[in-house]
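Step one of this worksheet: look at the structure below.
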Amino acid sequence: MSLEYYLILSALLFTIGVIGVLVRRNAIIIFMCIELMLNAANLAFVAISRNLGTAEGQLFVFFVMAVAAAEVAIGLAIIVSVFKHRETINVDEVNSLKG
Amino acid sequence: MNAEMILFFIFGAVSLIGAISVISFRHPIYSALSLIVTFFSQAGLFVLLGAHFVAAVQVIVYAGAIMVLFLFVIMLLNLGTLSAKGVLTGKLKGIAIVLAILFAAEGIYIAVNALKGDTAVASAQAATEPITTEYIGELLFSKYLLPFEVTSLILLAALIGVIVLVKRENTTEN
């Protein structure tokens with residue numbers, strides 16, 4: 001099983017995430033698509049780690065997951081407070097920094 | 001076609017279908033559930049790659065903690081009625097999809113061509129035994145101790161940030 005297959009799958013998953021961020025206007029779905037992109041990067045990390053025979057790639061995945069967990073917690077808190085102010089989480093309508 | 005290849009195509013297809021469902025379902029709950037499917041099949045791919053620790057963490061942290069948080073917020077905000085106008089339309093959508101397809105072509109081109117001629121990468125495969133969780137733990141607490149501690153700082157900062165965000169909301173309302 002060669003590395004290319006995993007990297008192609010990773011590229012496809014990342015692109016689907018990019019399409020989601022570009023096309024969807026719901027802030028929560030944009031967040032999910034960011035998670036999808038982080039996961040695609042994780043897949044590439046693990047595939048290359050296996051290919052090189054080193055553990056560093058898997059460690060980076062661990063750190064990426066920790067950062068993703070922190071990012072999701074803060075992002076969702078921001079979404080909740082934006083929703084309380086504006087009654088919407090459509091990113092086209094939430095276009096001003098002033099509450 | 002050996003067993004690993006068959007499993008790779010099954011897990012890969014399921015994760016791609018899940019990912020496409022994430023961006024095409026209108027209701028955020030369905031998107032979140034599709035994302036869980038994608039995460040689980042990616043955990044399967046990690047097992048195929050011999051990364052058992054990463055697969056376990058994927059299921060526990062992503063499919064467990066992060067997705068519960070997502071579902072909780074979706075249900076808290078009751079977004080089902082608001083998401084009708086949630087998709088970009090017309091010319092902008094076409095431009096976005098064309099750009100994304102170009103991006104995908106670029107990524108696949110790099111994946112296929114970047115490693116060609118790099119014999120070190122190709123020959124290193126199968127030279128070592130599988131990476132165990134024990135070895136990862138040893139690395140994490142010796143060579144990569146500082147990044148590990150910085151990670152705990154990031155989590156602490158996130159904790160405090162979330163509390164501040166939510167608390168300020170309460171004081172302004174009262």
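Ordering of the structure tokens sets the chain letters (A, B, ...), residue numbers begin anew at 1 in every chain, and ligands are numbered from 1 in the order given.
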
Taking a cut-off of 10 Å and counting only C-alpha atoms, can you build a table that, for each residue of range 27-143 of chain B near range 59-74 of chain A, reports the nearest atom pair and how far apart they are in Å (one decimal), sorted by chain then residue number, as CSV?
residue,atom,partner,partner_atom,distance
B:Phe53,CA,A:Phe62,CA,9.2
B:Val54,CA,A:Phe62,CA,7.1
B:Val57,CA,A:Phe62,CA,7.9
B:Gln58,CA,A:Met65,CA,8.1
B:Val61,CA,A:Met65,CA,7.6
B:Tyr62,CA,A:Met65,CA,7.8
B:Ala65,CA,A:Ala69,CA,8.2
B:Ile66,CA,A:Ala69,CA,6.4
B:Met67,CA,A:Val72,CA,9.5
B:Leu69,CA,A:Ala73,CA,7.6
B:Phe70,CA,A:Val72,CA,8.3
B:Ile136,CA,A:Leu59,CA,7.1
B:Gly137,CA,A:Leu59,CA,9.3
B:Leu139,CA,A:Leu59,CA,8.4
B:Leu140,CA,A:Leu59,CA,7.5

ask   = Residues of chain A in alpha helix (DSSP H) according to DSSP, as number ranges by chain?
value = A: 3-23, 27-52, 56-86

Give as an mmCIF file with all heavy atoms, in the first residue's frame every residue of chain A that touches chain B within 7 Å, counting only C-alpha atoms.
data_model
loop_
_atom_site.group_PDB
_atom_site.id
_atom_site.type_symbol
_atom_site.label_atom_id
_atom_site.label_comp_id
_atom_site.auth_asym_id
_atom_site.auth_seq_id
_atom_site.Cartn_x
_atom_site.Cartn_y
_atom_site.Cartn_z
ATOM 1 N N MET A 1 0.862 -1.197 0.000
ATOM 2 C CA MET A 1 0.000 0.000 0.000
ATOM 3 C C MET A 1 0.889 1.234 0.000
ATOM 4 O O MET A 1 1.614 1.487 0.951
ATOM 5 C CB MET A 1 -0.855 -0.031 1.274
ATOM 6 C CG MET A 1 -2.022 0.916 1.235
ATOM 7 S SD MET A 1 -3.280 0.342 0.129
ATOM 8 C CE MET A 1 -3.860 1.900 -0.485
ATOM 9 N N GLU A 4 1.142 7.260 -1.862
ATOM 10 C CA GLU A 4 0.386 8.182 -2.718
ATOM 11 C C GLU A 4 -1.117 8.104 -2.462
ATOM 12 O O GLU A 4 -1.808 9.122 -2.435
ATOM 13 C CB GLU A 4 0.660 7.895 -4.196
ATOM 14 C CG GLU A 4 1.967 8.459 -4.713
ATOM 15 C CD GLU A 4 3.117 7.511 -4.486
ATOM 16 O OE1 GLU A 4 2.844 6.350 -4.093
ATOM 17 O OE2 GLU A 4 4.266 7.914 -4.683
ATOM 18 N N LEU A 7 -2.033 10.091 0.500
ATOM 19 C CA LEU A 7 -1.889 11.533 0.283
ATOM 20 C C LEU A 7 -2.993 12.057 -0.625
ATOM 21 O O LEU A 7 -3.500 13.166 -0.440
ATOM 22 C CB LEU A 7 -0.510 11.842 -0.313
ATOM 23 C CG LEU A 7 0.663 11.653 0.646
ATOM 24 C CD1 LEU A 7 1.954 12.052 -0.019
ATOM 25 C CD2 LEU A 7 0.464 12.451 1.903
ATOM 26 N N ILE A 8 -3.395 11.242 -1.627
ATOM 27 C CA ILE A 8 -4.483 11.683 -2.512
ATOM 28 C C ILE A 8 -5.784 11.777 -1.729
ATOM 29 O O ILE A 8 -6.539 12.754 -1.857
ATOM 30 C CB ILE A 8 -4.618 10.722 -3.709
ATOM 31 C CG1 ILE A 8 -3.423 10.897 -4.647
ATOM 32 C CG2 ILE A 8 -5.913 10.971 -4.465
ATOM 33 C CD1 ILE A 8 -3.338 9.846 -5.719
ATOM 34 N N LEU A 9 -6.049 10.763 -0.891
ATOM 35 C CA LEU A 9 -7.267 10.813 -0.067
ATOM 36 C C LEU A 9 -7.236 12.038 0.841
ATOM 37 O O LEU A 9 -8.240 12.743 0.990
ATOM 38 C CB LEU A 9 -7.379 9.536 0.764
ATOM 39 C CG LEU A 9 -8.581 9.481 1.702
ATOM 40 C CD1 LEU A 9 -9.870 9.478 0.903
ATOM 41 C CD2 LEU A 9 -8.520 8.278 2.600
ATOM 42 N N ALA A 11 -5.657 14.856 0.277
ATOM 43 C CA ALA A 11 -5.885 16.062 -0.536
ATOM 44 C C ALA A 11 -7.365 16.219 -0.855
ATOM 45 O O ALA A 11 -7.910 17.330 -0.802
ATOM 46 C CB ALA A 11 -5.070 15.986 -1.822
ATOM 47 N N LEU A 12 -8.041 15.101 -1.163
ATOM 48 C CA LEU A 12 -9.462 15.183 -1.489
ATOM 49 C C LEU A 12 -10.279 15.636 -0.272
ATOM 50 O O LEU A 12 -11.157 16.498 -0.387
ATOM 51 C CB LEU A 12 -9.968 13.830 -1.993
ATOM 52 C CG LEU A 12 -9.511 13.439 -3.394
ATOM 53 C CD1 LEU A 12 -9.991 12.041 -3.726
ATOM 54 C CD2 LEU A 12 -10.043 14.421 -4.418
ATOM 55 N N LEU A 13 -9.973 15.058 0.895
ATOM 56 C CA LEU A 13 -10.711 15.450 2.102
ATOM 57 C C LEU A 13 -10.475 16.917 2.416
ATOM 58 O O LEU A 13 -11.404 17.655 2.758
ATOM 59 C CB LEU A 13 -10.276 14.590 3.284
ATOM 60 C CG LEU A 13 -10.832 13.173 3.330
ATOM 61 C CD1 LEU A 13 -10.150 12.385 4.428
ATOM 62 C CD2 LEU A 13 -12.327 13.200 3.561
ATOM 63 N N THR A 15 -9.776 19.250 0.281
ATOM 64 C CA THR A 15 -10.489 20.071 -0.693
ATOM 65 C C THR A 15 -11.973 20.147 -0.387
ATOM 66 O O THR A 15 -12.595 21.197 -0.561
ATOM 67 C CB THR A 15 -10.274 19.500 -2.095
ATOM 68 O OG1 THR A 15 -8.894 19.324 -2.293
ATOM 69 C CG2 THR A 15 -10.837 20.427 -3.135
ATOM 70 N N ILE A 16 -12.542 19.028 0.086
ATOM 71 C CA ILE A 16 -13.956 19.064 0.460
ATOM 72 C C ILE A 16 -14.162 20.065 1.602
ATOM 73 O O ILE A 16 -15.122 20.834 1.612
ATOM 74 C CB ILE A 16 -14.454 17.657 0.826
ATOM 75 C CG1 ILE A 16 -14.474 16.778 -0.415
ATOM 76 C CG2 ILE A 16 -15.840 17.718 1.423
ATOM 77 C CD1 ILE A 16 -14.726 15.330 -0.133
ATOM 78 N N VAL A 18 -12.318 22.702 2.098
ATOM 79 C CA VAL A 18 -12.192 24.047 1.512
ATOM 80 C C VAL A 18 -13.498 24.445 0.830
ATOM 81 O O VAL A 18 -13.980 25.579 0.985
ATOM 82 C CB VAL A 18 -11.021 24.083 0.507
ATOM 83 C CG1 VAL A 18 -11.025 25.388 -0.258
ATOM 84 C CG2 VAL A 18 -9.707 23.931 1.228
ATOM 85 N N ILE A 19 -14.103 23.494 0.072
ATOM 86 C CA ILE A 19 -15.378 23.797 -0.591
ATOM 87 C C ILE A 19 -16.423 24.192 0.444
ATOM 88 O O ILE A 19 -17.168 25.152 0.266
ATOM 89 C CB ILE A 19 -15.870 22.588 -1.411
ATOM 90 C CG1 ILE A 19 -14.932 22.305 -2.573
ATOM 91 C CG2 ILE A 19 -17.268 22.832 -1.947
ATOM 92 C CD1 ILE A 19 -15.314 21.076 -3.361
ATOM 93 N N GLY A 20 -16.443 23.446 1.562
ATOM 94 C CA GLY A 20 -17.416 23.769 2.604
ATOM 95 C C GLY A 20 -17.229 25.170 3.150
ATOM 96 O O GLY A 20 -18.191 25.921 3.301
ATOM 97 N N LEU A 22 -15.856 27.651 1.639
ATOM 98 C CA LEU A 22 -16.165 28.660 0.622
ATOM 99 C C LEU A 22 -17.662 28.768 0.368
ATOM 100 O O LEU A 22 -18.178 29.858 0.108
ATOM 101 C CB LEU A 22 -15.454 28.307 -0.689
ATOM 102 C CG LEU A 22 -13.950 28.447 -0.737
ATOM 103 C CD1 LEU A 22 -13.425 27.952 -2.056
ATOM 104 C CD2 LEU A 22 -13.538 29.877 -0.519
ATOM 105 N N VAL A 23 -18.373 27.645 0.422
ATOM 106 C CA VAL A 23 -19.753 27.631 -0.072
ATOM 107 C C VAL A 23 -20.772 27.835 1.047
ATOM 108 O O VAL A 23 -21.740 28.567 0.874
ATOM 109 C CB VAL A 23 -20.024 26.301 -0.818
ATOM 110 C CG1 VAL A 23 -21.492 26.142 -1.100
ATOM 111 C CG2 VAL A 23 -19.251 26.278 -2.116
ATOM 112 N N ARG A 24 -20.554 27.199 2.208
ATOM 113 C CA ARG A 24 -21.560 27.281 3.259
ATOM 114 C C ARG A 24 -21.450 28.611 3.992
ATOM 115 O O ARG A 24 -20.358 29.172 4.134
ATOM 116 C CB ARG A 24 -21.399 26.121 4.246
ATOM 117 C CG ARG A 24 -21.637 24.767 3.632
ATOM 118 C CD ARG A 24 -22.993 24.662 2.966
ATOM 119 N NE ARG A 24 -24.063 24.816 3.905
ATOM 120 C CZ ARG A 24 -24.764 23.813 4.421
ATOM 121 N NH1 ARG A 24 -24.491 22.582 4.082
ATOM 122 N NH2 ARG A 24 -25.740 24.038 5.269
ATOM 123 N N ARG A 25 -22.593 29.120 4.454
ATOM 124 C CA ARG A 25 -22.613 30.390 5.178
ATOM 125 C C ARG A 25 -22.956 30.242 6.646
ATOM 126 O O ARG A 25 -23.066 31.223 7.358
ATOM 127 C CB ARG A 25 -23.638 31.348 4.529
ATOM 128 C CG ARG A 25 -23.400 31.676 3.082
ATOM 129 C CD ARG A 25 -22.192 32.548 2.907
ATOM 130 N NE ARG A 25 -20.992 31.735 2.746
ATOM 131 C CZ ARG A 25 -19.762 32.227 2.816
ATOM 132 N NH1 ARG A 25 -19.560 33.481 3.030
ATOM 133 N NH2 ARG A 25 -18.729 31.445 2.675
ATOM 134 N N ASN A 26 -23.167 29.005 7.083
ATOM 135 C CA ASN A 26 -23.495 28.760 8.480
ATOM 136 C C ASN A 26 -22.198 28.594 9.271
ATOM 137 O O ASN A 26 -21.372 27.757 8.949
ATOM 138 C CB ASN A 26 -24.342 27.482 8.552
ATOM 139 C CG ASN A 26 -24.866 27.210 9.939
ATOM 140 O OD1 ASN A 26 -24.213 27.525 10.918
ATOM 141 N ND2 ASN A 26 -26.036 26.637 10.021
ATOM 142 N N ILE A 29 -21.207 25.082 10.440
ATOM 143 C CA ILE A 29 -20.772 24.155 9.385
ATOM 144 C C ILE A 29 -19.392 24.558 8.877
ATOM 145 O O ILE A 29 -18.569 23.698 8.557
ATOM 146 C CB ILE A 29 -21.830 24.093 8.266
ATOM 147 C CG1 ILE A 29 -23.064 23.408 8.829
ATOM 148 C CG2 ILE A 29 -21.313 23.344 7.067
ATOM 149 C CD1 ILE A 29 -24.177 23.230 7.879
ATOM 150 N N ALA A 47 0.377 9.125 7.533
ATOM 151 C CA ALA A 47 0.833 8.348 6.378
ATOM 152 C C ALA A 47 2.335 8.544 6.166
ATOM 153 O O ALA A 47 3.082 7.583 5.960
ATOM 154 C CB ALA A 47 0.058 8.756 5.134
ATOM 155 N N ARG A 50 4.378 6.813 8.861
ATOM 156 C CA ARG A 50 4.531 5.377 8.606
ATOM 157 C C ARG A 50 5.577 5.139 7.534
ATOM 158 O O ARG A 50 6.417 4.246 7.627
ATOM 159 C CB ARG A 50 3.178 4.808 8.172
ATOM 160 C CG ARG A 50 2.959 3.336 8.483
ATOM 161 C CD ARG A 50 3.476 2.387 7.445
ATOM 162 N NE ARG A 50 2.856 2.588 6.153
ATOM 163 C CZ ARG A 50 1.939 1.781 5.649
ATOM 164 N NH1 ARG A 50 1.528 0.749 6.319
ATOM 165 N NH2 ARG A 50 1.439 2.029 4.454
ATOM 166 N N ASN A 51 5.546 6.001 6.500
ATOM 167 C CA ASN A 51 6.450 5.810 5.383
ATOM 168 C C ASN A 51 7.906 6.039 5.776
ATOM 169 O O ASN A 51 8.804 5.359 5.292
ATOM 170 C CB ASN A 51 6.045 6.756 4.250
ATOM 171 C CG ASN A 51 6.358 6.145 2.916
ATOM 172 O OD1 ASN A 51 7.400 6.388 2.362
ATOM 173 N ND2 ASN A 51 5.452 5.300 2.429
ATOM 174 N N LEU A 52 8.130 7.018 6.657
ATOM 175 C CA LEU A 52 9.502 7.298 7.080
ATOM 176 C C LEU A 52 9.946 6.399 8.212
ATOM 177 O O LEU A 52 11.131 6.352 8.542
ATOM 178 C CB LEU A 52 9.624 8.767 7.517
ATOM 179 C CG LEU A 52 9.527 9.824 6.423
ATOM 180 C CD1 LEU A 52 9.514 11.204 7.047
ATOM 181 C CD2 LEU A 52 10.695 9.704 5.479
ATOM 182 N N GLY A 53 8.985 5.720 8.858
ATOM 183 C CA GLY A 53 9.340 4.864 9.975
ATOM 184 C C GLY A 53 9.661 5.611 11.248
ATOM 185 O O GLY A 53 10.300 5.080 12.142
ATOM 186 N N ALA A 55 8.226 8.278 14.575
ATOM 187 C CA ALA A 55 7.019 8.522 15.369
ATOM 188 C C ALA A 55 6.634 9.993 15.402
ATOM 189 O O ALA A 55 5.595 10.336 15.949
ATOM 190 C CB ALA A 55 7.231 8.024 16.786
ATOM 191 N N GLN A 58 3.123 11.111 14.230
ATOM 192 C CA GLN A 58 2.024 10.797 15.144
ATOM 193 C C GLN A 58 2.000 11.768 16.315
ATOM 194 O O GLN A 58 0.927 12.124 16.817
ATOM 195 C CB GLN A 58 2.167 9.366 15.630
ATOM 196 C CG GLN A 58 2.049 8.376 14.490
ATOM 197 C CD GLN A 58 1.950 6.949 14.978
ATOM 198 O OE1 GLN A 58 1.568 6.710 16.105
ATOM 199 N NE2 GLN A 58 2.289 6.013 14.129
ATOM 200 N N PHE A 63 -0.533 16.870 18.860
ATOM 201 C CA PHE A 63 -0.566 18.315 19.139
ATOM 202 C C PHE A 63 -1.667 19.002 18.331
ATOM 203 O O PHE A 63 -2.355 19.897 18.838
ATOM 204 C CB PHE A 63 0.794 18.942 18.833
ATOM 205 C CG PHE A 63 1.877 18.477 19.750
ATOM 206 C CD1 PHE A 63 3.085 18.035 19.262
ATOM 207 C CD2 PHE A 63 1.684 18.476 21.121
ATOM 208 C CE1 PHE A 63 4.076 17.594 20.110
ATOM 209 C CE2 PHE A 63 2.669 18.038 21.976
ATOM 210 C CZ PHE A 63 3.872 17.590 21.467
ATOM 211 N N ALA A 66 -4.882 18.529 20.101
ATOM 212 C CA ALA A 66 -5.026 19.382 21.281
ATOM 213 C C ALA A 66 -5.401 20.798 20.870
ATOM 214 O O ALA A 66 -6.312 21.409 21.444
ATOM 215 C CB ALA A 66 -3.726 19.379 22.080
ATOM 216 N N ALA A 69 -8.990 20.918 19.704
ATOM 217 C CA ALA A 69 -9.961 20.893 20.797
ATOM 218 C C ALA A 69 -10.099 22.282 21.407
ATOM 219 O O ALA A 69 -11.219 22.771 21.637
ATOM 220 C CB ALA A 69 -9.521 19.883 21.850
ATOM 221 N N ALA A 70 -8.961 22.959 21.634
ATOM 222 C CA ALA A 70 -9.005 24.315 22.192
ATOM 223 C C ALA A 70 -9.733 25.254 21.247
ATOM 224 O O ALA A 70 -10.580 26.057 21.660
ATOM 225 C CB ALA A 70 -7.583 24.804 22.444
ATOM 226 N N ALA A 73 -13.519 24.729 21.271
ATOM 227 C CA ALA A 73 -14.166 25.251 22.473
ATOM 228 C C ALA A 73 -14.331 26.765 22.374
ATOM 229 O O ALA A 73 -15.432 27.300 22.591
ATOM 230 C CB ALA A 73 -13.330 24.875 23.700
ATOM 231 N N ILE A 74 -13.257 27.470 21.979
ATOM 232 C CA ILE A 74 -13.333 28.928 21.905
ATOM 233 C C ILE A 74 -14.257 29.358 20.766
ATOM 234 O O ILE A 74 -15.091 30.258 20.923
ATOM 235 C CB ILE A 74 -11.921 29.519 21.727
ATOM 236 C CG1 ILE A 74 -11.129 29.287 23.004
ATOM 237 C CG2 ILE A 74 -11.999 30.996 21.426
ATOM 238 C CD1 ILE A 74 -9.796 29.915 22.996
ATOM 239 N N ALA A 77 -17.814 28.969 21.696
ATOM 240 C CA ALA A 77 -18.209 29.997 22.666
ATOM 241 C C ALA A 77 -18.468 31.316 21.953
ATOM 242 O O ALA A 77 -19.445 32.022 22.257
ATOM 243 C CB ALA A 77 -17.123 30.165 23.727
ATOM 244 N N SER A 81 -22.004 33.406 21.729
ATOM 245 C CA SER A 81 -22.213 34.790 22.152
ATOM 246 C C SER A 81 -22.648 35.665 20.976
ATOM 247 O O SER A 81 -23.445 36.589 21.162
ATOM 248 C CB SER A 81 -20.964 35.344 22.830
ATOM 249 O OG SER A 81 -19.873 35.264 21.977
ATOM 250 N N ASN A 90 -25.294 33.370 10.488
ATOM 251 C CA ASN A 90 -24.936 33.438 9.074
ATOM 252 C C ASN A 90 -23.786 34.424 8.926
ATOM 253 O O ASN A 90 -23.912 35.598 9.292
ATOM 254 C CB ASN A 90 -26.156 33.902 8.275
ATOM 255 C CG ASN A 90 -25.918 33.826 6.791
ATOM 256 O OD1 ASN A 90 -24.825 34.132 6.321
ATOM 257 N ND2 ASN A 90 -26.924 33.418 6.057
#

ask   = Neighbours of Gly57 in chain A within 8 Å (only C-alpha atoms; same-chain residues fewer than 5 positions away dropped), as a ChimeraX atom specification?
value = /A:45-46,48-49

Please, could you write that set of residues out with C-alpha atoms as a PDB file, in the first residue's frame?
ATOM      1  CA  PHE A  45       1.012  13.297   8.899  1.00  0.00           C
ATOM      2  CA  VAL A  46       0.340   9.694   9.906  1.00  0.00           C
ATOM      3  CA  ILE A  48       4.208  10.072   6.019  1.00  0.00           C
ATOM      4  CA  SER A  49       5.176   9.021   9.542  1.00  0.00           C
TER       5      SER A  49
END

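Here CA of Phe31 in chain A is placed at a distance of 20.3 Å from CA of Ala44 in chain A.
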
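In this structure, CA of Ile6 in chain B sits 27.0 Å away from CA of Cys33 in chain A.
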
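For the atom pair formed by CA of Glu134 in chain B and CA of Val47 in chain B, the distance is 15.9 Å, given to one decimal.
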